[in-house]
$ cat model01.cif   # mmCIF, C-alpha atoms
data_entry
#
loop_
_atom_site.label_atom_id
_atom_site.label_comp_id
_atom_site.auth_asym_id
_atom_site.auth_seq_id
_atom_site.Cartn_x
_atom_site.Cartn_y
_atom_site.Cartn_z
CA MET A 286 -72.01 125.82 19.86
CA ASP A 287 -68.70 126.99 21.29
CA GLU A 288 -69.89 126.06 24.75
CA VAL A 289 -69.94 122.38 23.79
CA ARG A 290 -66.15 122.38 23.52
CA TYR A 291 -65.96 122.88 27.24
CA TYR A 292 -67.93 119.72 27.91
CA ILE A 293 -64.70 117.94 27.14
CA ASN A 294 -61.68 117.96 29.42
CA LYS A 295 -59.70 120.90 28.02
CA GLU A 296 -56.46 118.90 28.09
CA TYR A 297 -57.74 117.10 25.00
CA LEU A 298 -58.21 120.38 23.19
CA LYS A 299 -54.52 121.25 23.50
CA LYS A 300 -52.65 120.71 20.26
CA GLU A 301 -49.67 118.79 21.65
CA ASN A 302 -51.91 116.40 23.60
CA PHE A 303 -54.18 115.89 20.63
CA GLU A 304 -51.24 115.01 18.38
CA LEU A 305 -50.09 112.45 20.90
CA ILE A 306 -53.45 110.73 21.17
CA LYS A 307 -53.79 110.73 17.39
CA LYS A 308 -50.46 108.95 17.17
CA THR A 309 -51.47 106.42 19.82
CA PHE A 310 -54.73 105.67 18.04
CA ASP A 311 -52.94 105.07 14.76
CA SER A 312 -50.28 102.85 16.26
CA ASN A 313 -52.62 100.49 18.12
CA ARG A 314 -53.94 97.34 16.45
CA PRO A 315 -56.80 97.56 15.99
CA ASN A 316 -56.74 101.36 15.80
CA SER A 317 -58.05 102.37 19.18
CA ILE A 318 -57.52 104.53 22.22
CA GLN A 319 -58.98 105.09 25.65
CA LEU A 320 -59.28 108.72 26.75
CA ARG A 321 -59.57 108.99 30.50
CA GLU A 322 -61.26 111.84 32.32
CA ILE A 323 -62.86 112.71 28.99
CA LEU A 324 -65.72 114.84 30.27
CA SER A 325 -64.99 118.08 32.06
CA LYS A 326 -65.37 117.81 35.83
CA LYS A 327 -68.31 120.17 35.64
CA LEU A 328 -70.24 118.07 33.12
CA TYR A 329 -69.34 114.75 34.71
CA ASN A 330 -70.45 115.89 38.15
CA SER A 331 -73.71 117.24 36.76
CA ILE A 332 -74.46 113.96 34.98
CA LEU A 333 -73.83 111.57 37.86
CA PRO A 334 -76.95 112.43 39.89
CA GLN A 335 -79.01 112.35 36.66
CA LEU A 336 -78.11 108.67 36.22
CA LYS A 337 -80.22 107.78 39.23
CA LYS A 338 -83.31 109.30 37.60
CA ILE A 339 -83.10 107.46 34.31
CA LYS A 340 -86.06 105.25 33.40
CA TRP A 341 -84.41 102.05 32.24
CA GLU A 342 -86.34 99.70 29.99
CA LEU A 343 -85.40 96.03 30.32
CA LYS A 344 -84.95 94.25 26.99
CA GLU A 345 -85.26 90.49 27.17
CA GLU A 346 -87.33 89.49 24.14
CA LYS A 347 -84.47 87.50 22.67
CA THR A 348 -82.46 86.05 25.53
CA ASP A 349 -80.50 83.97 23.05
CA TYR A 350 -79.16 87.31 21.81
CA PHE A 351 -79.12 89.69 24.80
CA ARG A 352 -80.48 90.89 28.08
CA TYR A 353 -79.93 94.54 29.07
CA SER A 354 -81.71 97.81 29.76
CA ILE A 355 -81.73 100.91 27.62
CA GLY A 356 -82.49 104.45 28.61
CA GLU A 357 -82.57 108.01 27.38
CA LEU A 358 -79.30 109.86 27.40
CA PRO A 359 -78.98 112.80 29.77
CA GLU A 360 -79.58 115.95 27.73
CA ASP A 361 -76.12 117.50 28.06
CA LEU A 362 -74.44 114.28 27.08
CA LEU A 363 -76.65 113.98 24.01
CA LYS A 364 -75.89 117.59 23.15
CA LEU A 365 -72.15 116.86 23.26
CA LEU A 366 -72.25 113.63 21.30
CA ARG A 367 -74.46 115.06 18.56
CA ALA A 368 -72.49 118.30 18.24
CA ASP A 369 -70.58 119.08 15.04
CA PHE A 370 -67.62 119.91 17.25
CA PHE A 371 -67.56 116.37 18.63
CA LYS A 372 -67.89 114.80 15.21
CA GLU A 373 -64.96 116.87 14.00
CA PHE A 374 -62.95 116.04 17.10
CA ILE A 375 -63.35 112.32 16.48
CA SER A 376 -62.84 112.78 12.77
CA SER A 377 -59.52 114.57 13.28
CA LEU A 378 -58.41 112.04 15.83
CA THR A 379 -59.16 109.02 13.66
CA GLY A 380 -58.53 110.56 10.25
CA ILE A 381 -61.94 109.41 9.01
CA LYS A 382 -64.86 111.46 7.64
CA PHE A 383 -68.22 110.33 8.98
CA ASN A 384 -71.75 110.41 7.64
CA GLY A 385 -73.58 109.73 10.83
CA LEU A 386 -73.65 108.52 14.42
CA LYS A 387 -75.76 105.79 16.02
CA LEU A 388 -76.12 106.02 19.78
CA ARG A 389 -77.53 103.81 22.53
CA PHE A 390 -77.44 104.23 26.29
CA PHE A 391 -77.07 100.93 28.13
CA ARG A 392 -77.33 99.59 31.63
CA PHE A 393 -76.06 96.09 32.37
CA SER A 394 -76.93 94.72 35.78
CA SER A 395 -76.34 91.28 37.34
CA GLY A 396 -77.69 88.70 34.89
CA ASP A 397 -77.34 90.94 31.82
CA TYR A 398 -75.21 90.23 28.75
CA THR A 399 -75.04 90.19 24.98
CA LEU A 400 -74.23 87.13 22.86
CA LEU A 401 -72.50 86.66 19.54
CA HIS A 402 -74.83 85.12 16.99
CA ASP A 403 -75.00 84.51 13.26
CA LYS A 404 -77.37 87.37 12.51
CA LEU A 405 -74.99 89.92 13.98
CA LYS A 406 -73.84 92.29 11.24
CA PRO A 407 -71.23 94.59 12.75
CA LYS A 408 -71.34 98.07 11.29
CA GLU A 409 -68.06 99.32 9.91
CA GLY A 410 -66.81 102.54 11.47
CA VAL A 411 -65.50 103.83 14.76
CA VAL A 412 -67.13 102.46 17.88
CA LEU A 413 -67.28 104.75 20.84
CA ILE A 414 -67.85 103.65 24.40
CA LEU A 415 -68.41 106.44 26.89
CA ASP A 416 -68.31 104.82 30.28
CA LEU A 417 -70.13 106.09 33.35
CA THR A 418 -69.58 102.95 35.43
CA ARG A 419 -68.08 103.57 38.84
CA ASP A 420 -65.93 101.30 41.01
CA TRP A 421 -66.16 98.25 38.79
CA ASP A 422 -64.34 95.01 39.54
CA VAL A 423 -63.46 92.97 36.44
CA LYS A 424 -64.36 89.81 38.37
CA TRP A 425 -67.97 90.88 37.87
CA GLY A 426 -67.78 90.54 34.09
CA GLY A 427 -69.41 93.30 32.04
CA GLN A 428 -66.44 94.05 29.76
CA ASN A 429 -66.83 94.98 26.10
CA ILE A 430 -64.91 92.34 24.17
CA PHE A 431 -64.01 92.74 20.51
CA LEU A 432 -63.01 89.78 18.36
CA ASN A 433 -62.21 88.74 14.86
CA GLU A 434 -63.21 85.12 14.17
CA ASP A 435 -62.18 83.50 17.45
CA ASN A 436 -59.35 85.86 18.20
CA GLU A 437 -59.88 88.37 20.96
CA LEU A 438 -58.68 91.76 19.78
CA LEU A 439 -59.56 94.08 22.60
CA ARG A 440 -61.13 93.94 26.03
CA ILE A 441 -62.42 97.15 27.56
CA ASN A 442 -62.66 97.24 31.31
CA PRO A 443 -65.25 99.65 32.69
CA LEU A 444 -63.69 102.92 33.82
CA SER A 445 -65.81 105.87 34.74
CA ASN A 446 -65.54 109.00 32.61
CA SER A 447 -63.52 107.27 29.91
CA LEU A 448 -64.06 107.36 26.18
CA THR A 449 -62.81 104.37 24.22
CA LEU A 450 -62.65 104.57 20.43
CA ILE A 451 -62.18 101.51 18.24
CA LYS A 452 -61.98 101.47 14.49
CA ARG A 453 -63.49 98.28 13.17
CA ASP A 454 -64.56 96.64 9.94
CA ASN A 455 -67.57 94.38 9.51
CA GLN A 456 -65.57 91.28 10.45
CA VAL A 457 -65.01 92.48 13.99
CA LYS A 458 -67.80 91.44 16.36
CA ASP A 459 -68.20 92.55 19.95
CA PHE A 460 -70.21 91.55 22.98
CA VAL A 461 -70.69 92.50 26.59
CA LYS A 462 -69.59 89.77 28.98
CA TYR A 463 -72.24 88.42 31.34
CA VAL A 464 -72.49 90.41 34.57
CA ASN A 465 -72.50 87.94 37.45
CA HIS A 466 -74.14 88.07 40.86
CA PHE A 467 -71.02 89.51 42.50
CA ALA A 468 -71.60 92.90 40.86
CA LYS A 469 -72.26 95.56 43.51
CA THR A 470 -73.25 98.19 40.98
CA ASP A 471 -74.45 98.55 37.37
CA ARG A 472 -72.45 98.93 34.21
CA ILE A 473 -73.66 102.10 32.51
CA PHE A 474 -72.29 103.34 29.20
CA VAL A 475 -73.05 105.01 25.92
CA TYR A 476 -72.36 102.77 22.94
CA GLY A 477 -72.11 104.60 19.66
CA ILE A 478 -70.82 104.08 16.20
CA PHE A 479 -69.59 106.76 13.86
CA TYR A 480 -70.06 105.47 10.33
CA MET B 72 -82.35 41.92 28.84
CA LYS B 73 -78.80 42.95 28.16
CA ASN B 74 -76.53 42.17 31.07
CA GLU B 75 -74.52 45.36 31.01
CA LEU B 76 -77.62 47.52 31.11
CA LYS B 77 -78.79 45.63 34.20
CA GLN B 78 -75.45 46.22 35.89
CA TRP B 79 -75.43 49.95 35.35
CA ILE B 80 -79.00 51.15 35.23
CA ASN B 81 -81.72 51.29 37.84
CA PRO B 82 -84.17 48.45 36.93
CA ILE B 83 -87.23 50.71 36.95
CA TYR B 84 -85.83 52.34 33.83
CA LEU B 85 -85.33 49.04 32.07
CA GLU B 86 -88.94 48.04 31.89
CA ASP B 87 -90.97 48.12 28.69
CA TYR B 88 -89.64 51.07 26.65
CA GLY B 89 -93.09 52.08 25.55
CA LEU B 90 -94.17 52.36 29.18
CA LEU B 91 -90.94 54.14 30.10
CA LYS B 92 -91.60 56.90 27.65
CA LYS B 93 -95.20 57.24 28.84
CA ARG B 94 -94.24 57.29 32.51
CA PHE B 95 -91.26 59.57 32.40
CA ILE B 96 -91.46 61.84 29.41
CA ASP B 97 -92.25 65.49 29.91
CA THR B 98 -93.18 67.44 26.79
CA LYS B 99 -93.23 71.00 28.02
CA PRO B 100 -91.58 73.11 26.72
CA PHE B 101 -90.08 70.37 24.56
CA GLU B 102 -89.61 66.61 24.93
CA HIS B 103 -87.24 65.70 27.73
CA PHE B 104 -86.67 63.14 30.48
CA VAL B 105 -85.53 63.79 34.04
CA LEU B 106 -84.67 60.41 35.51
CA ASN B 107 -83.76 60.37 39.19
CA ASN B 108 -81.44 57.68 40.57
CA PHE B 109 -80.75 56.57 37.04
CA PHE B 110 -77.49 54.71 37.50
CA ASN B 111 -76.36 52.12 40.03
CA GLY B 112 -75.40 54.27 43.04
CA ASP B 113 -72.21 52.43 43.99
CA LYS B 114 -70.88 52.43 40.47
CA LEU B 115 -71.68 56.08 40.04
CA ASN B 116 -69.96 57.05 43.28
CA ARG B 117 -66.79 55.47 41.94
CA VAL B 118 -67.14 57.35 38.68
CA TYR B 119 -67.63 60.59 40.60
CA SER B 120 -64.49 60.03 42.71
CA ALA B 121 -62.51 59.25 39.59
CA LEU B 122 -63.83 62.36 37.86
CA LEU B 123 -62.49 64.56 40.66
CA ASN B 124 -59.00 63.47 39.69
CA GLU B 125 -59.37 64.50 36.06
CA GLN B 126 -57.84 67.71 34.81
CA PHE B 127 -60.41 70.50 34.39
CA TYR B 128 -59.73 73.56 32.24
CA LYS B 129 -61.29 77.00 32.43
CA PHE B 130 -63.63 77.77 29.52
CA ASP B 131 -64.81 81.31 29.05
CA SER B 132 -66.69 82.93 26.19
CA ASP B 133 -69.70 85.12 25.52
CA LEU B 134 -71.94 82.08 26.08
CA TYR B 135 -70.42 80.40 29.14
CA SER B 136 -68.05 80.30 32.05
CA PHE B 137 -67.19 76.92 33.59
CA MET B 138 -64.47 74.31 34.00
CA GLN B 139 -64.43 71.33 31.63
CA THR B 140 -62.33 68.21 31.14
CA ASP B 141 -61.09 66.93 27.81
CA ASP B 142 -63.45 64.49 26.21
CA LEU B 143 -63.48 61.58 28.63
CA LYS B 144 -62.66 59.15 25.82
CA ASN B 145 -59.10 60.33 26.45
CA SER B 146 -59.11 59.61 30.17
CA GLU B 147 -56.40 57.36 31.53
CA ASN B 148 -58.47 56.38 34.50
CA GLU B 149 -59.78 52.80 34.56
CA VAL B 150 -63.06 53.65 36.26
CA ILE B 151 -63.81 56.47 33.81
CA ASN B 152 -62.89 54.21 30.89
CA GLU B 153 -65.29 51.56 32.12
CA PHE B 154 -68.08 54.09 32.40
CA TYR B 155 -67.30 55.64 29.03
CA ASN B 156 -67.23 52.26 27.32
CA PHE B 157 -70.58 51.35 28.80
CA PHE B 158 -72.03 54.70 27.80
CA ARG B 159 -71.10 54.33 24.16
CA SER B 160 -71.81 50.59 24.00
CA PRO B 161 -74.30 49.49 21.36
CA ASP B 162 -76.58 48.36 24.21
CA PHE B 163 -76.75 51.72 25.90
CA VAL B 164 -76.84 53.77 22.71
CA GLY B 165 -79.59 51.42 21.50
CA TYR B 166 -81.48 52.06 24.72
CA ILE B 167 -81.21 55.83 24.36
CA SER B 168 -82.21 55.52 20.74
CA LYS B 169 -85.36 53.54 21.56
CA VAL B 170 -86.43 55.72 24.45
CA ASN B 171 -86.04 58.92 22.43
CA ASP B 172 -87.38 57.40 19.21
CA ILE B 173 -84.44 58.54 17.15
CA LYS B 174 -81.70 56.95 15.10
CA LEU B 175 -78.28 57.27 16.65
CA SER B 176 -74.76 56.51 15.47
CA LYS B 177 -71.79 55.25 17.48
CA VAL B 178 -70.51 58.76 18.14
CA ILE B 179 -70.83 60.34 21.57
CA ASP B 180 -69.34 63.37 23.33
CA MET B 181 -68.66 63.24 27.05
CA SER B 182 -66.93 65.71 29.36
CA GLY B 183 -66.90 66.51 33.02
CA PHE B 184 -68.04 69.98 34.06
CA ILE B 185 -67.71 72.12 37.15
CA TYR B 186 -69.77 75.27 37.56
CA GLY B 187 -68.48 77.29 40.49
CA SER B 188 -69.83 80.47 41.99
CA GLY B 189 -70.36 82.98 39.17
CA ASP B 190 -70.31 80.32 36.42
CA TYR B 191 -73.14 79.91 33.91
CA LEU B 192 -74.25 78.74 30.46
CA LEU B 193 -76.48 81.25 28.68
CA PRO B 194 -79.59 80.40 26.58
CA HIS B 195 -78.96 78.49 23.35
CA ASP B 196 -80.39 75.53 21.42
CA ASP B 197 -77.38 73.26 20.76
CA LYS B 198 -77.56 73.76 17.00
CA LEU B 199 -74.61 71.82 15.65
CA GLU B 200 -74.31 69.20 12.94
CA GLY B 201 -74.80 65.69 14.18
CA ARG B 202 -75.92 66.35 17.74
CA LYS B 203 -79.13 64.42 18.25
CA VAL B 204 -79.67 63.86 21.97
CA ALA B 205 -78.21 66.06 24.70
CA TYR B 206 -77.70 64.64 28.18
CA VAL B 207 -76.56 65.76 31.63
CA LEU B 208 -75.72 63.43 34.46
CA ASN B 209 -75.66 65.46 37.67
CA LEU B 210 -73.25 64.57 40.42
CA SER B 211 -73.84 67.33 42.96
CA THR B 212 -75.78 67.25 46.17
CA GLY B 213 -77.42 69.88 48.29
CA PHE B 214 -78.48 72.30 45.60
CA THR B 215 -81.68 74.22 46.19
CA MET B 216 -83.37 76.72 43.88
CA ASN B 217 -81.64 79.56 45.74
CA HIS B 218 -78.21 78.29 44.80
CA GLY B 219 -78.57 78.62 41.03
CA GLY B 220 -77.03 76.00 38.75
CA SER B 221 -80.41 74.75 37.55
CA LEU B 222 -80.91 73.48 34.02
CA ASP B 223 -83.67 75.76 32.76
CA LEU B 224 -85.80 74.91 29.73
CA PHE B 225 -87.42 77.74 27.79
CA ASP B 226 -90.60 78.14 25.88
CA ALA B 227 -89.97 79.66 22.46
CA LYS B 228 -91.69 82.05 20.11
CA ASP B 229 -90.60 83.04 16.60
CA GLY B 230 -87.36 81.18 17.07
CA HIS B 231 -86.34 82.89 20.32
CA PRO B 232 -86.58 81.75 23.93
CA THR B 233 -89.26 83.41 26.05
CA LYS B 234 -90.08 82.17 29.56
CA VAL B 235 -88.42 79.47 31.61
CA ILE B 236 -91.02 76.70 31.75
CA LYS B 237 -89.03 74.16 33.70
CA SER B 238 -86.10 74.37 36.12
CA ILE B 239 -84.25 71.15 36.80
CA LEU B 240 -82.30 71.14 40.05
CA PRO B 241 -78.96 69.36 39.98
CA GLY B 242 -79.21 66.23 42.12
CA PHE B 243 -76.79 63.35 42.44
CA ASN B 244 -77.54 60.66 39.86
CA THR B 245 -80.22 62.59 38.04
CA PHE B 246 -79.97 61.89 34.34
CA THR B 247 -81.60 64.45 32.07
CA MET B 248 -81.82 64.12 28.32
CA PHE B 249 -83.63 65.72 25.41
CA LYS B 250 -83.70 65.53 21.65
CA VAL B 251 -81.89 68.40 19.97
CA VAL B 252 -84.58 70.13 17.92
CA PRO B 253 -84.96 73.69 16.63
CA GLY B 254 -86.01 75.87 19.51
CA CYS B 255 -84.89 73.60 22.37
CA PHE B 256 -83.54 76.59 24.26
CA HIS B 257 -81.92 75.89 27.59
CA ARG B 258 -79.37 77.33 29.98
CA VAL B 259 -77.58 76.58 33.24
CA SER B 260 -78.50 79.43 35.57
CA GLU B 261 -75.60 81.14 37.29
CA VAL B 262 -74.39 79.44 40.45
CA VAL B 263 -74.83 82.13 43.08
CA ALA B 264 -73.79 80.17 46.16
CA SER B 265 -70.34 79.06 47.22
CA LYS B 266 -71.01 75.61 45.84
CA LYS B 267 -69.64 73.56 42.96
CA ARG B 268 -71.99 71.93 40.51
CA PHE B 269 -70.45 68.75 39.09
CA SER B 270 -71.77 66.93 36.07
CA ILE B 271 -70.94 64.72 33.14
CA ALA B 272 -72.56 65.93 29.96
CA GLY B 273 -72.49 65.71 26.21
CA TRP B 274 -74.38 64.44 23.20
CA PHE B 275 -75.35 61.33 21.31
CA HIS B 276 -74.93 61.81 17.58
CA GLY B 277 -76.79 60.53 14.56
#

$ encode --input "model01.cif" --output "structure tokens"
Amino acid sequence: MDEVRYYINKEYLKKENFELIKKTFDSNRPNSIQLREILSKKLYNSILPQLKKIKWELKEEKTDYFRYSIGELPEDLLKLLRADFFKEFISSLTGIKFNGLKLRFFRFSSGDYTLLHDKLKPKEGVVLILDLTRDWDVKWGGQNIFLNEDNELLRINPLSNSLTLIKRDNQVKDFVKYVNHFAKTDRIFVYGIFY
Amino acid sequence: MKNELKQWINPIYLEDYGLLKKRFIDTKPFEHFVLNNFFNGDKLNRVYSALLNEQFYKFDSDLYSFMQTDDLKNSENEVINEFYNFFRSPDFVGYISKVNDIKLSKVIDMSGFIYGSGDYLLPHDDKLEGRKVAYVLNLSTGFTMNHGGSLDLFDAKDGHPTKVIKSILPGFNTFTMFKVVPGCFHRVSEVVASKKRFSIAGWFHG
């Protein structure tokens, strides 16, 4: 299980860096942080070619709620995210003890989106967004947007090999902005929630 | 026949209302009318020119991206005022009421819209208190199916939209309307060309 530690960029394992990011997370409103270059170069480079082989399943049964594709996580990525080490890492960073982790692997292409609707019941906990989207232009849409009532709280622009963590209660909804026809590539990310 | 109606509306749409419904109504996926060359062309051209001088604001949310004016009841332009006053006149509201077989009040919403390249309105069914009949008056020309910007009407199952059953191309002076009912899912497909889709749209209330 020790090996899983090295899936993460070792800079984040250093005490002084960890203390700094913990502080940043606590001081942001809502509590959040974006960790760039999160995966080790070795893991990241091994995952990239795997992305091309993923069998994406298009979900469009409820286009008044969403349109996107889901796929199976690459094995090493799943191993990292499900590891006790990772759970403890996030727990220490956020100061919260977790019971479990829900994970989904998404692809948003041109024409894809999610919508806010009345039946949406946001789960309280820490949302994680592990982004594998390369060379994204924000003009294409595709951002994760978090809001409370009508107030936008946070907007996450796709950045490859970044991990964004957001602590949220059940009043904070989020959606993925429509990806328009200008998009030259796909938005690919892991969306998880530690609860 | 009311004089104002005759001044504004193409006479073929002022014949016997019973016949009108029979001739022009389309019921799939839900009751709607697509009426080409609905208004008097000259009058509408003037309204269109006046609309171009209104202030449009960017509107952006999970559901849409487009430019929209304030409600046109607030316009300071004479030509827009004239059009707005006709639109909410008892004569015209009465006409819409008869054709759609639904009781309407005096309340209307009306705004100008511009969908540019990349703009869209995602699937929804207009659920909001009081909205009874939705309408779109298209003011653009030259749109083909490849350009996007079509008003798409969905079939529905278990309260969710399924397939697009009808795509209505924006065409100058095409007036589309439909009763707001549960499951009347529709969208404006993303404009994918370097074109601007102009329209005046809103609701009649009841």

$ atom_distance --input "model01.cif" --atom1 "CA of Lys73 in chain B" --atom2 "CA of Pro161 in chain B"
10.5 Å

$ resolve_selection --input "model01.cif" --expression "the PyMOL selection byres ((chain A) within 7 of (chain B))" --output "MDAnalysis selection string"
chainID A and resid 346:349 400:401 460 462 465:466

$ closest_residue --input "model01.cif" --among "A:Lys327, A:Asp459, A:Trp425, A:Glu322" --to "Glu437 in chain A" --atoms "all atoms listed in the file"
A:Asp459

$ closest_residue --input "model01.cif" --among "A:Leu336, A:Tyr291, A:Ser317, A:Arg392" --to "Ile375 in chain A" --atoms "only C-alpha atoms"
A:Ser317

$ atom_distance --input "model01.cif" --atom1 "CA of Thr245 in chain B" --atom2 "CA of Glu149 in chain B"
22.9 Å

$ resolve_selection --input "model01.cif" --expression "the PyMOL selection byres ((chain B and resi 208-220) around 8)" --output "PDB file with C-alpha atoms, keeping the file's coordinate frame"
ATOM      1  CA  TYR B 119     -67.630  60.590  40.600  1.00  0.00           C
ATOM      2  CA  TYR B 186     -69.770  75.270  37.560  1.00  0.00           C
ATOM      3  CA  TYR B 191     -73.140  79.910  33.910  1.00  0.00           C
ATOM      4  CA  TYR B 206     -77.700  64.640  28.180  1.00  0.00           C
ATOM      5  CA  VAL B 207     -76.560  65.760  31.630  1.00  0.00           C
ATOM      6  CA  SER B 221     -80.410  74.750  37.550  1.00  0.00           C
ATOM      7  CA  LEU B 222     -80.910  73.480  34.020  1.00  0.00           C
ATOM      8  CA  LEU B 240     -82.300  71.140  40.050  1.00  0.00           C
ATOM      9  CA  PRO B 241     -78.960  69.360  39.980  1.00  0.00           C
ATOM     10  CA  GLY B 242     -79.210  66.230  42.120  1.00  0.00           C
ATOM     11  CA  PHE B 243     -76.790  63.350  42.440  1.00  0.00           C
ATOM     12  CA  ASN B 244     -77.540  60.660  39.860  1.00  0.00           C
ATOM     13  CA  THR B 245     -80.220  62.590  38.040  1.00  0.00           C
ATOM     14  CA  PHE B 246     -79.970  61.890  34.340  1.00  0.00           C
ATOM     15  CA  THR B 247     -81.600  64.450  32.070  1.00  0.00           C
ATOM     16  CA  VAL B 259     -77.580  76.580  33.240  1.00  0.00           C
ATOM     17  CA  SER B 260     -78.500  79.430  35.570  1.00  0.00           C
ATOM     18  CA  GLU B 261     -75.600  81.140  37.290  1.00  0.00           C
ATOM     19  CA  VAL B 262     -74.390  79.440  40.450  1.00  0.00           C
ATOM     20  CA  VAL B 263     -74.830  82.130  43.080  1.00  0.00           C
ATOM     21  CA  ALA B 264     -73.790  80.170  46.160  1.00  0.00           C
ATOM     22  CA  LYS B 266     -71.010  75.610  45.840  1.00  0.00           C
ATOM     23  CA  LYS B 267     -69.640  73.560  42.960  1.00  0.00           C
ATOM     24  CA  ARG B 268     -71.990  71.930  40.510  1.00  0.00           C
ATOM     25  CA  PHE B 269     -70.450  68.750  39.090  1.00  0.00           C
ATOM     26  CA  SER B 270     -71.770  66.930  36.070  1.00  0.00           C
ATOM     27  CA  ILE B 271     -70.940  64.720  33.140  1.00  0.00           C
ATOM     28  CA  ALA B 272     -72.560  65.930  29.960  1.00  0.00           C
TER      29      ALA B 272
END

$ resolve_selection --input "model01.cif" --expression "the PyMOL selection byres ((chain B and resi 275) around 12)" --output "number ranges by chain"
B: 158-161, 163-168, 171, 173-181, 199-207, 248-251, 272-274, 276-277

$ write_last_selection --input "model01.cif" --atoms "C-alpha atoms" --output "mmCIF file, in the frame of the given file"
data_model
loop_
_atom_site.group_PDB
_atom_site.id
_atom_site.type_symbol
_atom_site.label_atom_id
_atom_site.label_comp_id
_atom_site.auth_asym_id
_atom_site.auth_seq_id
_atom_site.Cartn_x
_atom_site.Cartn_y
_atom_site.Cartn_z
ATOM 1 C CA PHE B 158 -72.030 54.700 27.800
ATOM 2 C CA ARG B 159 -71.100 54.330 24.160
ATOM 3 C CA SER B 160 -71.810 50.590 24.000
ATOM 4 C CA PRO B 161 -74.300 49.490 21.360
ATOM 5 C CA PHE B 163 -76.750 51.720 25.900
ATOM 6 C CA VAL B 164 -76.840 53.770 22.710
ATOM 7 C CA GLY B 165 -79.590 51.420 21.500
ATOM 8 C CA TYR B 166 -81.480 52.060 24.720
ATOM 9 C CA ILE B 167 -81.210 55.830 24.360
ATOM 10 C CA SER B 168 -82.210 55.520 20.740
ATOM 11 C CA ASN B 171 -86.040 58.920 22.430
ATOM 12 C CA ILE B 173 -84.440 58.540 17.150
ATOM 13 C CA LYS B 174 -81.700 56.950 15.100
ATOM 14 C CA LEU B 175 -78.280 57.270 16.650
ATOM 15 C CA SER B 176 -74.760 56.510 15.470
ATOM 16 C CA LYS B 177 -71.790 55.250 17.480
ATOM 17 C CA VAL B 178 -70.510 58.760 18.140
ATOM 18 C CA ILE B 179 -70.830 60.340 21.570
ATOM 19 C CA ASP B 180 -69.340 63.370 23.330
ATOM 20 C CA MET B 181 -68.660 63.240 27.050
ATOM 21 C CA LEU B 199 -74.610 71.820 15.650
ATOM 22 C CA GLU B 200 -74.310 69.200 12.940
ATOM 23 C CA GLY B 201 -74.800 65.690 14.180
ATOM 24 C CA ARG B 202 -75.920 66.350 17.740
ATOM 25 C CA LYS B 203 -79.130 64.420 18.250
ATOM 26 C CA VAL B 204 -79.670 63.860 21.970
ATOM 27 C CA ALA B 205 -78.210 66.060 24.700
ATOM 28 C CA TYR B 206 -77.700 64.640 28.180
ATOM 29 C CA VAL B 207 -76.560 65.760 31.630
ATOM 30 C CA MET B 248 -81.820 64.120 28.320
ATOM 31 C CA PHE B 249 -83.630 65.720 25.410
ATOM 32 C CA LYS B 250 -83.700 65.530 21.650
ATOM 33 C CA VAL B 251 -81.890 68.400 19.970
ATOM 34 C CA ALA B 272 -72.560 65.930 29.960
ATOM 35 C CA GLY B 273 -72.490 65.710 26.210
ATOM 36 C CA TRP B 274 -74.380 64.440 23.200
ATOM 37 C CA HIS B 276 -74.930 61.810 17.580
ATOM 38 C CA GLY B 277 -76.790 60.530 14.560
#

$ residues_around --input "model01.cif" --residues "range 83-91 of chain B" --least-positions-apart "3" --cutoff "7 Å" --atoms "only C-alpha atoms" --output "PyMOL selection string"
chain B and resi 94-95+170

$ write_last_selection --input "model01.cif" --atoms "C-alpha atoms" --output "PDB file, keeping the file's coordinate frame"
ATOM      1  CA  ARG B  94     -94.240  57.290  32.510  1.00  0.00           C
ATOM      2  CA  PHE B  95     -91.260  59.570  32.400  1.00  0.00           C
ATOM      3  CA  VAL B 170     -86.430  55.720  24.450  1.00  0.00           C
TER       4      VAL B 170
END

$ residues_near_point --input "model01.cif" --point "(-76.6, 121.2, 30.3)" --cutoff "9 Å" --atoms "only C-alpha atoms" --output "list in words"
Leu328, Ser331, Ile332, Pro359, Glu360, Asp361, Leu362 and Lys364 of chain A

$ atom_distance --input "model01.cif" --atom1 "CA of Phe303 in chain A" --atom2 "CA of Ile430 in chain A"
26.1 Å
